[in-house]
Amino acid sequence: MMTFDPRTIATPVYEALSGLRSQTQDNTQLKQQKSQAVELYTYLSTWGMMRLKAEEQALISQKGKHQVVCKYFECLQTLANLQKGNLAGDQGLITLKELQTDEYLGLTGLGLALAREFSFWATAVYQDVSGED
């Protein structure tokens, strides 16, 4: 019998956001990180996985937001354990495009659960960061 451990999703998200937080001194970037982590679920449920991956490149000028989206795809890649392709790298959009329909839908479901974790942990990890940027 296989049991699901909820820490499977929570742990990499907590570690990713805590790591970003500890490496960042700039208050503007901290605000960007927090707001992006909170907004991931809404963006993903509205626009979808492929658009989020494309948005990653558009966010390069907003370093804090870009860092969170990169960490999101790193966590998703680890949790999904994809046999082909690389979600976290530059080829991520191609990987998403080439997935079978059932793989893409399954990945989207996992991605939504992961995005909820990012939102939760953002309020815990960045509890002292207020305002948006």
# chains A, B, ... in the order shown; residues from 1 in each chain; ligands from 1
>>> closest_atom_pairs(of="segment 31-72 of chain A", to="segment 82-100 of chain A", cutoff="12 Å", atoms="only C-alpha atoms", output="tab-separated table")
residue	atom	partner	partner_atom	distance
A:Gly48	CA	A:Leu96	CA	10.9
A:Met49	CA	A:Leu96	CA	7.9
A:Met50	CA	A:Leu93	CA	6.3
A:Arg51	CA	A:Leu93	CA	8.8
A:Leu52	CA	A:Leu93	CA	9.4
A:Lys53	CA	A:Leu93	CA	6.1
A:Ala54	CA	A:Leu93	CA	6.9
A:Glu55	CA	A:Leu93	CA	10.4
A:Glu56	CA	A:Asp90	CA	9.8
A:Gln57	CA	A:Asp90	CA	9.1
A:Gln67	CA	A:Ala88	CA	11.5
A:Val68	CA	A:Ala88	CA	11.7
A:Val69	CA	A:Ala88	CA	9.3
A:Cys70	CA	A:Ala88	CA	6.6
A:Lys71	CA	A:Ala88	CA	8.0
A:Tyr72	CA	A:Ala88	CA	8.3
>>> write_last_selection(atoms="N, CA, C and O atoms", output="compact mmCIF listing (two decimals), in the first residue's frame")
# COMPACT_ATOMS: atom_id res chain seq x y z
N GLY A 48 -3.07 29.04 -17.62
CA GLY A 48 -2.53 27.73 -17.94
C GLY A 48 -1.02 27.63 -17.84
O GLY A 48 -0.30 28.63 -17.72
N MET A 49 -0.56 26.41 -17.89
CA MET A 49 0.85 26.07 -17.70
C MET A 49 1.76 26.64 -18.80
O MET A 49 2.83 27.17 -18.52
N MET A 50 1.33 26.52 -20.05
CA MET A 50 2.20 26.99 -21.15
C MET A 50 2.39 28.50 -21.08
O MET A 50 3.50 29.00 -21.29
N ARG A 51 1.34 29.22 -20.75
CA ARG A 51 1.48 30.68 -20.66
C ARG A 51 2.33 31.09 -19.47
O ARG A 51 3.08 32.05 -19.55
N LEU A 52 2.22 30.35 -18.37
CA LEU A 52 3.08 30.65 -17.22
C LEU A 52 4.54 30.43 -17.59
O LEU A 52 5.40 31.25 -17.25
N LYS A 53 4.82 29.37 -18.32
CA LYS A 53 6.20 29.11 -18.73
C LYS A 53 6.69 30.20 -19.67
O LYS A 53 7.83 30.67 -19.56
N ALA A 54 5.85 30.65 -20.58
CA ALA A 54 6.23 31.75 -21.49
C ALA A 54 6.42 33.05 -20.71
O ALA A 54 7.33 33.84 -21.00
N GLU A 55 5.60 33.27 -19.71
CA GLU A 55 5.69 34.47 -18.88
C GLU A 55 7.02 34.54 -18.12
O GLU A 55 7.52 35.62 -17.82
N GLU A 56 7.59 33.38 -17.84
CA GLU A 56 8.87 33.32 -17.13
C GLU A 56 9.92 34.22 -17.83
O GLU A 56 10.64 34.96 -17.17
N GLN A 57 9.99 34.15 -19.14
CA GLN A 57 10.95 34.97 -19.88
C GLN A 57 10.60 36.45 -19.84
O GLN A 57 11.47 37.30 -19.82
N GLN A 67 12.53 34.87 -10.25
CA GLN A 67 13.12 33.84 -9.39
C GLN A 67 12.06 32.86 -8.89
O GLN A 67 12.29 31.65 -8.86
N VAL A 68 10.89 33.37 -8.52
CA VAL A 68 9.84 32.51 -7.99
C VAL A 68 9.29 31.59 -9.07
O VAL A 68 9.09 30.39 -8.84
N VAL A 69 9.08 32.12 -10.28
CA VAL A 69 8.57 31.28 -11.36
C VAL A 69 9.59 30.20 -11.71
O VAL A 69 9.23 29.03 -11.93
N CYS A 70 10.86 30.55 -11.72
CA CYS A 70 11.90 29.54 -11.97
C CYS A 70 11.87 28.45 -10.90
O CYS A 70 11.94 27.25 -11.22
N LYS A 71 11.77 28.84 -9.63
CA LYS A 71 11.71 27.87 -8.53
C LYS A 71 10.45 27.00 -8.64
O LYS A 71 10.50 25.81 -8.35
N TYR A 72 9.35 27.62 -9.06
CA TYR A 72 8.12 26.86 -9.25
C TYR A 72 8.34 25.72 -10.25
O TYR A 72 7.98 24.57 -9.98
>>> residues_around(residues="segment 63-65 of chain A", least_positions_apart="3", cutoff="9 Å", atoms="only C-alpha atoms", output="list in words")
Leu20, Thr24, Thr28, Gln29, Leu30, Lys31, Gln32, Gln33, Lys34, Ser35, Gln36, Ala37, Glu56, Leu59, Ile60, Val68, Val69 and Cys70 of chain A
>>> select_by_dssp(residues="segment 70-114 of chain A", states="alpha helix (DSSP H)", output="PyMOL selection string")
chain A and resi 70-80+92-98+101-114
>>> write_last_selection(atoms="C-alpha atoms", output="CSV table (one decimal), in the first residue's frame")
chain,number,residue,atom,x,y,z
A,70,CYS,CA,11.9,29.5,-12.0
A,71,LYS,CA,11.7,27.9,-8.5
A,72,TYR,CA,8.1,26.9,-9.2
A,73,PHE,CA,9.1,25.0,-12.4
A,74,GLU,CA,12.1,23.4,-10.7
A,75,CYS,CA,9.8,22.1,-7.9
A,76,LEU,CA,7.3,20.9,-10.5
A,77,GLN,CA,9.9,19.1,-12.5
A,78,THR,CA,11.2,17.3,-9.4
A,79,LEU,CA,7.7,16.3,-8.2
A,80,ALA,CA,6.5,15.2,-11.7
A,92,GLY,CA,10.4,23.9,-20.8
A,93,LEU,CA,7.9,25.4,-23.3
A,94,ILE,CA,8.9,22.7,-25.9
A,95,THR,CA,8.6,20.0,-23.2
A,96,LEU,CA,5.1,21.2,-22.3
A,97,LYS,CA,4.1,21.5,-26.0
A,98,GLU,CA,5.2,17.9,-26.7
A,101,THR,CA,-2.9,15.4,-23.5
A,102,ASP,CA,-3.2,13.2,-20.4
A,103,GLU,CA,0.4,14.0,-19.3
A,104,TYR,CA,-0.3,17.7,-19.7
A,105,LEU,CA,-3.6,17.6,-17.8
A,106,GLY,CA,-2.0,15.6,-15.0
A,107,LEU,CA,0.9,18.0,-14.8
A,108,THR,CA,-1.5,20.9,-14.7
A,109,GLY,CA,-3.3,19.3,-11.8
A,110,LEU,CA,-0.1,18.8,-9.9
A,111,GLY,CA,1.0,22.3,-10.9
A,112,LEU,CA,-2.2,23.8,-9.3
A,113,ALA,CA,-1.6,21.9,-6.1
A,114,LEU,CA,2.0,23.1,-6.1
>>> residues_around(residues="segment 121-127 of chain A", least_positions_apart="3", cutoff="7 Å", atoms="only C-alpha atoms", output="compact mmCIF listing (two decimals) with C-alpha atoms, in the first residue's frame")
# COMPACT_ATOMS: atom_id res chain seq x y z
CA TYR A 14 9.23 25.74 1.73
CA LEU A 17 11.07 30.10 -0.88
CA SER A 18 13.21 30.03 2.27
CA LYS A 34 6.05 37.33 -2.16
CA ALA A 37 4.32 33.29 -5.05
CA VAL A 38 0.85 34.33 -3.88
CA GLU A 117 1.58 25.53 -1.61
CA PHE A 118 3.58 28.48 -2.95
>>> atom_distance(atom1="atom CA of Asp128 of chain A", atom2="atom CA of Ala58 of chain A")
27.5 Å
>>> atom_distance(atom1="atom CA of Ser45 of chain A", atom2="atom CA of Ala115 of chain A")
9.4 Å
>>> atom_distance(atom1="atom CA of Thr46 of chain A", atom2="atom CA of Ser119 of chain A")
15.4 Å
